[in-house]
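Contents: one structure, followed by commentary.
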Amino acid sequence: RKEVEQDPGPFNVPEGATVAFNCTYSNSASQSFFWYRQDCRKEPKLLMSVYSSGNEDGRFTAQLNRASQYISLLIRDSKLSDSATYLCVVNDLNDMRFGAGTRLTVKP
Amino acid sequence: DVKVTQSSRYLVKRTGEKVFLECVQDMDHENMFWYRQDPGLGLRLIYFSYDVKMKEKGDIPEGYSVSREKKERFSLILESASTNQTSMYLCASSRGLAGGGDEQFFGPGTRLTVL
């Protein structure tokens with residue numbers, strides 16, 4: 001079983017749609033959680049951290065469910081510029097574990 | 001702005017060659033990392049370093065070595081390149097304690113092809 005698992009997609013949605021990604025992790029002792037965004041042929045960049053209480057940044061909402069060991073990312077009112085691969089990242093005691101990514105394409 | 005640079009964007013080498021990938025960061029970060037990224041597998045950690053001259057193996061260190069002689073520079077070495085080392089190589093840096101979960105800043109990547 002992979003330590004961090006994501007649905008690879010692709011998710012193809014129209015502009016304005018709401019889309020949600022889930023990510024599951026295997027280590028119950030994981031301490032911190034992140035979503036990174038990676039554009040085609042570019043490096044990953046931090047999108048947002050994920051806090052236990054859930055957090056929101058504009059159109060993006062991240063949530064953590066420790067009991068079920070998953071995190072989620074919700075994107076509202078999708079824009080063409082949201083097209084990218086979204087990487088779920090989980091920090092274990094000494095390592096950052098990256099999921100393989102979920103690819104999103106927003107179409108006009 | 002944090003800047004992480006890598007010596008080459010694209011590199012083509014032959015099997016058996018020794019390959020050096022260089023990474024430099026300008027934010028005085030303690031931690032530096034080397035990953036490879038392959039389709040469907042995500043980023044896999046090869047080696048990391050939390051201080052000058054210190055190094056720790058990641059998940060897939062076989063066939064690689066690293067060097068950190070200066071705080072800002074972290075080199076990845078393929079002693080004898082093989083075709084299964086064809087991949088995208090990403091360098092990253094972060095401040096603070098290794099494993100502390102601080103944001104990692106990535107370089108643009110080096111796409112290495114081994115023929």
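Just so we're on the same page: first chain in the structure tokens is A, next is B, and so on; residues restart at 1 for each chain, and ligands are numbered from 1 in the order they show up.
The list of residues with at least one atom within 8 Å of range 70-80 of chain A, based on only C-alpha atoms and without residues fewer than 6 positions apart in the same chain, reads Pro14, Glu15, Gly16, Ala17, Thr18, Val19, Ala20, Phe21, Asn22, Cys23, Thr24, Tyr25, Phe33, Trp35, Val50, Arg59, Phe60, Thr61, Ala62, Gln63, Leu64, Thr105, Val106, Lys107 and Pro108 of chain A.
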Item to check | Interface list for chain A, partner chain B, 9 Å threshold, only C-alpha atoms, as a ChimeraX atom specification | outcome: /A:8,31-34,41-46,49,87,90-101
Could the residues in this selection be saved with N, CA and C atoms as a short mmCIF file (atom, residue, chain, number, x, y, z; two decimals), in the first residue's frame?
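To be explicit, this is the file written out as result01.cif:
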```
data_model
loop_
_atom_site.label_atom_id
_atom_site.label_comp_id
_atom_site.auth_asym_id
_atom_site.auth_seq_id
_atom_site.Cartn_x
_atom_site.Cartn_y
_atom_site.Cartn_z
N PRO A 8 -5.53 9.64 -9.49
CA PRO A 8 -4.71 10.36 -10.47
C PRO A 8 -5.49 11.23 -11.43
N GLN A 31 2.14 14.19 10.98
CA GLN A 31 2.02 15.39 11.80
C GLN A 31 1.49 16.61 11.07
N SER A 32 1.86 16.77 9.82
CA SER A 32 1.39 17.95 9.12
C SER A 32 1.12 17.59 7.66
N PHE A 33 0.31 18.44 7.04
CA PHE A 33 -0.28 18.09 5.75
C PHE A 33 -0.33 19.32 4.85
N PHE A 34 -0.16 19.07 3.56
CA PHE A 34 -0.08 20.19 2.62
C PHE A 34 -0.69 19.80 1.29
N ARG A 41 5.32 20.81 -16.68
CA ARG A 41 6.75 21.09 -16.91
C ARG A 41 7.32 22.14 -15.94
N LYS A 42 6.68 22.28 -14.80
CA LYS A 42 7.18 23.21 -13.79
C LYS A 42 7.41 22.48 -12.48
N GLU A 43 8.02 23.19 -11.53
CA GLU A 43 8.26 22.59 -10.23
C GLU A 43 7.03 22.71 -9.33
N PRO A 44 6.89 21.84 -8.34
CA PRO A 44 5.79 21.97 -7.37
C PRO A 44 5.95 23.24 -6.53
N LYS A 45 4.80 23.83 -6.20
CA LYS A 45 4.81 25.00 -5.31
C LYS A 45 3.71 24.82 -4.27
N LEU A 46 3.99 25.29 -3.06
CA LEU A 46 3.01 25.15 -1.99
C LEU A 46 1.73 25.91 -2.32
N SER A 49 -1.28 24.90 3.41
CA SER A 49 -1.17 23.91 4.47
C SER A 49 -2.57 23.46 4.87
N LEU A 87 -0.71 17.99 -5.72
CA LEU A 87 0.02 16.98 -4.97
C LEU A 87 -0.35 17.06 -3.50
N VAL A 90 2.29 14.69 2.94
CA VAL A 90 2.10 14.34 4.34
C VAL A 90 3.47 14.28 5.02
N ASN A 91 3.57 14.94 6.14
CA ASN A 91 4.84 14.95 6.86
C ASN A 91 4.82 13.92 7.99
N ASP A 92 5.65 12.88 7.83
CA ASP A 92 5.86 11.94 8.92
C ASP A 92 6.94 12.51 9.83
N LEU A 93 7.41 11.74 10.75
CA LEU A 93 8.36 12.27 11.74
C LEU A 93 9.58 12.90 11.08
N ASN A 94 10.09 12.25 10.06
CA ASN A 94 11.32 12.74 9.45
C ASN A 94 11.23 12.95 7.94
N ASP A 95 10.13 12.66 7.37
CA ASP A 95 10.04 12.70 5.92
C ASP A 95 8.77 13.39 5.45
N MET A 96 8.90 14.04 4.31
CA MET A 96 7.73 14.54 3.61
C MET A 96 7.38 13.49 2.56
N ARG A 97 6.13 13.04 2.58
CA ARG A 97 5.69 12.00 1.64
C ARG A 97 4.75 12.64 0.63
N PHE A 98 5.09 12.47 -0.64
CA PHE A 98 4.28 13.07 -1.71
C PHE A 98 3.38 12.03 -2.37
N GLY A 99 2.13 12.42 -2.60
CA GLY A 99 1.29 11.61 -3.45
C GLY A 99 1.70 11.79 -4.90
N ALA A 100 1.18 10.92 -5.76
CA ALA A 100 1.54 10.98 -7.19
C ALA A 100 0.84 12.12 -7.91
N GLY A 101 -0.18 12.71 -7.26
CA GLY A 101 -0.82 13.87 -7.86
C GLY A 101 -2.14 13.56 -8.53
#
```
Item to check | Who sits within 12 Å of Lys53 in chain B, only C-alpha atoms, same chain under 5 positions skipped, as a PyMOL selection string | outcome: chain B and resi 30-32+48+66-75
What would the file look like if the residues just selected were written as a PDB file, in the first residue's frame with N, CA, C and O atoms?
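Written file, again-v8.pdb:
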```
ATOM      1  N   GLU B  30      18.674  25.459   5.902  1.00  0.00           N
ATOM      2  CA  GLU B  30      19.462  24.363   6.457  1.00  0.00           C
ATOM      3  C   GLU B  30      19.291  23.076   5.658  1.00  0.00           C
ATOM      4  O   GLU B  30      20.238  22.321   5.471  1.00  0.00           O
ATOM      5  N   ASN B  31      18.068  22.808   5.236  1.00  0.00           N
ATOM      6  CA  ASN B  31      17.753  21.509   4.634  1.00  0.00           C
ATOM      7  C   ASN B  31      17.739  21.577   3.120  1.00  0.00           C
ATOM      8  O   ASN B  31      17.208  22.519   2.533  1.00  0.00           O
ATOM      9  N   MET B  32      18.292  20.557   2.515  1.00  0.00           N
ATOM     10  CA  MET B  32      18.217  20.436   1.060  1.00  0.00           C
ATOM     11  C   MET B  32      17.909  18.997   0.697  1.00  0.00           C
ATOM     12  O   MET B  32      18.276  18.068   1.442  1.00  0.00           O
ATOM     13  N   PHE B  48      18.715  13.511   1.438  1.00  0.00           N
ATOM     14  CA  PHE B  48      18.572  14.868   1.937  1.00  0.00           C
ATOM     15  C   PHE B  48      19.729  15.209   2.857  1.00  0.00           C
ATOM     16  O   PHE B  48      20.480  14.331   3.308  1.00  0.00           O
ATOM     17  N   VAL B  66      25.657  11.939  -2.813  1.00  0.00           N
ATOM     18  CA  VAL B  66      25.459  13.379  -2.721  1.00  0.00           C
ATOM     19  C   VAL B  66      26.665  14.015  -2.040  1.00  0.00           C
ATOM     20  O   VAL B  66      27.469  13.342  -1.389  1.00  0.00           O
ATOM     21  N   SER B  67      26.730  15.312  -2.198  1.00  0.00           N
ATOM     22  CA  SER B  67      27.800  16.080  -1.570  1.00  0.00           C
ATOM     23  C   SER B  67      27.250  17.429  -1.152  1.00  0.00           C
ATOM     24  O   SER B  67      26.568  18.098  -1.935  1.00  0.00           O
ATOM     25  N   ARG B  68      27.574  17.829   0.081  1.00  0.00           N
ATOM     26  CA  ARG B  68      27.198  19.165   0.536  1.00  0.00           C
ATOM     27  C   ARG B  68      28.398  19.763   1.266  1.00  0.00           C
ATOM     28  O   ARG B  68      28.535  19.654   2.481  1.00  0.00           O
ATOM     29  N   GLU B  69      29.207  20.426   0.506  1.00  0.00           N
ATOM     30  CA  GLU B  69      30.411  21.073   1.045  1.00  0.00           C
ATOM     31  C   GLU B  69      30.140  22.493   1.516  1.00  0.00           C
ATOM     32  O   GLU B  69      30.844  23.019   2.381  1.00  0.00           O
ATOM     33  N   LYS B  70      29.119  23.119   0.943  1.00  0.00           N
ATOM     34  CA  LYS B  70      28.729  24.468   1.352  1.00  0.00           C
ATOM     35  C   LYS B  70      27.221  24.477   1.609  1.00  0.00           C
ATOM     36  O   LYS B  70      26.476  23.698   1.011  1.00  0.00           O
ATOM     37  N   LYS B  71      26.806  25.352   2.478  1.00  0.00           N
ATOM     38  CA  LYS B  71      25.395  25.361   2.897  1.00  0.00           C
ATOM     39  C   LYS B  71      24.458  25.560   1.712  1.00  0.00           C
ATOM     40  O   LYS B  71      23.369  24.997   1.657  1.00  0.00           O
ATOM     41  N   GLU B  72      24.860  26.386   0.757  1.00  0.00           N
ATOM     42  CA  GLU B  72      23.948  26.741  -0.322  1.00  0.00           C
ATOM     43  C   GLU B  72      23.930  25.746  -1.477  1.00  0.00           C
ATOM     44  O   GLU B  72      23.110  25.856  -2.368  1.00  0.00           O
ATOM     45  N   ARG B  73      24.815  24.774  -1.451  1.00  0.00           N
ATOM     46  CA  ARG B  73      24.983  23.902  -2.613  1.00  0.00           C
ATOM     47  C   ARG B  73      24.848  22.432  -2.242  1.00  0.00           C
ATOM     48  O   ARG B  73      25.466  21.970  -1.281  1.00  0.00           O
ATOM     49  N   PHE B  74      24.047  21.704  -3.028  1.00  0.00           N
ATOM     50  CA  PHE B  74      23.815  20.281  -2.775  1.00  0.00           C
ATOM     51  C   PHE B  74      23.904  19.574  -4.115  1.00  0.00           C
ATOM     52  O   PHE B  74      23.135  19.887  -5.028  1.00  0.00           O
ATOM     53  N   SER B  75      24.835  18.671  -4.237  1.00  0.00           N
ATOM     54  CA  SER B  75      25.087  17.998  -5.512  1.00  0.00           C
ATOM     55  C   SER B  75      24.622  16.558  -5.466  1.00  0.00           C
ATOM     56  O   SER B  75      24.808  15.861  -4.450  1.00  0.00           O
TER      57      SER B  75
END
```
As a PDB file with C-alpha atoms, in the first residue's frame, list the residues of chain B assigned to strand (DSSP E or B) by DSSP on the backbone atoms of this structure.
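Once written, states.pdb looks like this:
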```pdb
ATOM      1  CA  VAL B   4      16.529  27.383  -5.999  1.00  0.00           C
ATOM      2  CA  THR B   5      18.483  26.868  -9.175  1.00  0.00           C
ATOM      3  CA  GLN B   6      19.654  23.716 -10.881  1.00  0.00           C
ATOM      4  CA  TYR B  10      17.897  19.058 -19.867  1.00  0.00           C
ATOM      5  CA  LEU B  11      20.742  16.568 -19.876  1.00  0.00           C
ATOM      6  CA  VAL B  12      21.509  13.588 -22.094  1.00  0.00           C
ATOM      7  CA  LYS B  13      24.142  11.079 -20.976  1.00  0.00           C
ATOM      8  CA  VAL B  19      26.749  12.536 -13.922  1.00  0.00           C
ATOM      9  CA  PHE B  20      26.730  15.574 -11.654  1.00  0.00           C
ATOM     10  CA  LEU B  21      23.567  17.510 -10.917  1.00  0.00           C
ATOM     11  CA  GLU B  22      24.082  20.759  -9.056  1.00  0.00           C
ATOM     12  CA  CYS B  23      21.613  22.672  -6.928  1.00  0.00           C
ATOM     13  CA  VAL B  24      22.043  26.070  -5.317  1.00  0.00           C
ATOM     14  CA  GLN B  25      19.682  27.928  -2.972  1.00  0.00           C
ATOM     15  CA  ASN B  31      17.753  21.509   4.634  1.00  0.00           C
ATOM     16  CA  MET B  32      18.217  20.436   1.060  1.00  0.00           C
ATOM     17  CA  PHE B  33      16.676  17.519  -0.790  1.00  0.00           C
ATOM     18  CA  TRP B  34      16.986  15.574  -4.014  1.00  0.00           C
ATOM     19  CA  TYR B  35      13.927  13.874  -5.495  1.00  0.00           C
ATOM     20  CA  ARG B  36      13.156  12.108  -8.698  1.00  0.00           C
ATOM     21  CA  GLN B  37       9.724  12.329 -10.246  1.00  0.00           C
ATOM     22  CA  ASP B  38       8.335   9.640 -12.522  1.00  0.00           C
ATOM     23  CA  GLY B  42       5.127  10.970  -7.627  1.00  0.00           C
ATOM     24  CA  LEU B  43       8.196  12.443  -5.994  1.00  0.00           C
ATOM     25  CA  ARG B  44      10.543   9.963  -4.368  1.00  0.00           C
ATOM     26  CA  LEU B  45      13.253  11.127  -2.008  1.00  0.00           C
ATOM     27  CA  ILE B  46      16.782  10.106  -2.968  1.00  0.00           C
ATOM     28  CA  TYR B  47      18.869  11.898  -0.342  1.00  0.00           C
ATOM     29  CA  PHE B  48      18.572  14.868   1.937  1.00  0.00           C
ATOM     30  CA  SER B  49      20.937  16.988   3.967  1.00  0.00           C
ATOM     31  CA  GLU B  56      20.795  11.065   4.994  1.00  0.00           C
ATOM     32  CA  LYS B  57      19.457   8.395   2.675  1.00  0.00           C
ATOM     33  CA  TYR B  64      23.286   7.822  -6.205  1.00  0.00           C
ATOM     34  CA  SER B  65      25.536   9.779  -3.907  1.00  0.00           C
ATOM     35  CA  VAL B  66      25.459  13.379  -2.721  1.00  0.00           C
ATOM     36  CA  SER B  67      27.800  16.080  -1.570  1.00  0.00           C
ATOM     37  CA  ARG B  68      27.198  19.165   0.536  1.00  0.00           C
ATOM     38  CA  GLU B  69      30.411  21.073   1.045  1.00  0.00           C
ATOM     39  CA  LYS B  70      28.729  24.468   1.352  1.00  0.00           C
ATOM     40  CA  ARG B  73      24.983  23.902  -2.613  1.00  0.00           C
ATOM     41  CA  PHE B  74      23.815  20.281  -2.775  1.00  0.00           C
ATOM     42  CA  SER B  75      25.087  17.998  -5.512  1.00  0.00           C
ATOM     43  CA  LEU B  76      23.646  14.730  -6.720  1.00  0.00           C
ATOM     44  CA  ILE B  77      26.054  12.274  -8.321  1.00  0.00           C
ATOM     45  CA  LEU B  78      25.236   9.293 -10.479  1.00  0.00           C
ATOM     46  CA  SER B  87      13.857  10.794 -14.917  1.00  0.00           C
ATOM     47  CA  MET B  88      13.052  14.329 -13.794  1.00  0.00           C
ATOM     48  CA  TYR B  89      15.286  15.322 -10.883  1.00  0.00           C
ATOM     49  CA  LEU B  90      14.060  17.990  -8.508  1.00  0.00           C
ATOM     50  CA  CYS B  91      16.073  19.739  -5.861  1.00  0.00           C
ATOM     51  CA  ALA B  92      14.366  21.441  -2.914  1.00  0.00           C
ATOM     52  CA  SER B  93      15.316  23.383   0.181  1.00  0.00           C
ATOM     53  CA  SER B  94      13.603  24.288   3.429  1.00  0.00           C
ATOM     54  CA  PHE B 105      10.988  25.324  -2.275  1.00  0.00           C
ATOM     55  CA  PHE B 106      11.800  23.509  -5.479  1.00  0.00           C
ATOM     56  CA  THR B 110      16.593  18.612 -14.552  1.00  0.00           C
ATOM     57  CA  ARG B 111      15.233  16.181 -17.088  1.00  0.00           C
ATOM     58  CA  LEU B 112      17.926  13.541 -17.438  1.00  0.00           C
ATOM     59  CA  THR B 113      17.911  11.032 -20.263  1.00  0.00           C
ATOM     60  CA  VAL B 114      20.358   8.137 -20.129  1.00  0.00           C
TER      61      VAL B 114
END
```
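If you look at CA of Asp82 in chain A and CA of Gly9 in chain A, they are 14.6 Å away from each other.
The two atoms in question, CA of Arg95 in chain B and CA of Glu62 in chain B, are spaced 26.3 Å apart.
CA of Val4 in chain A is found 25.8 Å from CA of Ser81 in chain A.
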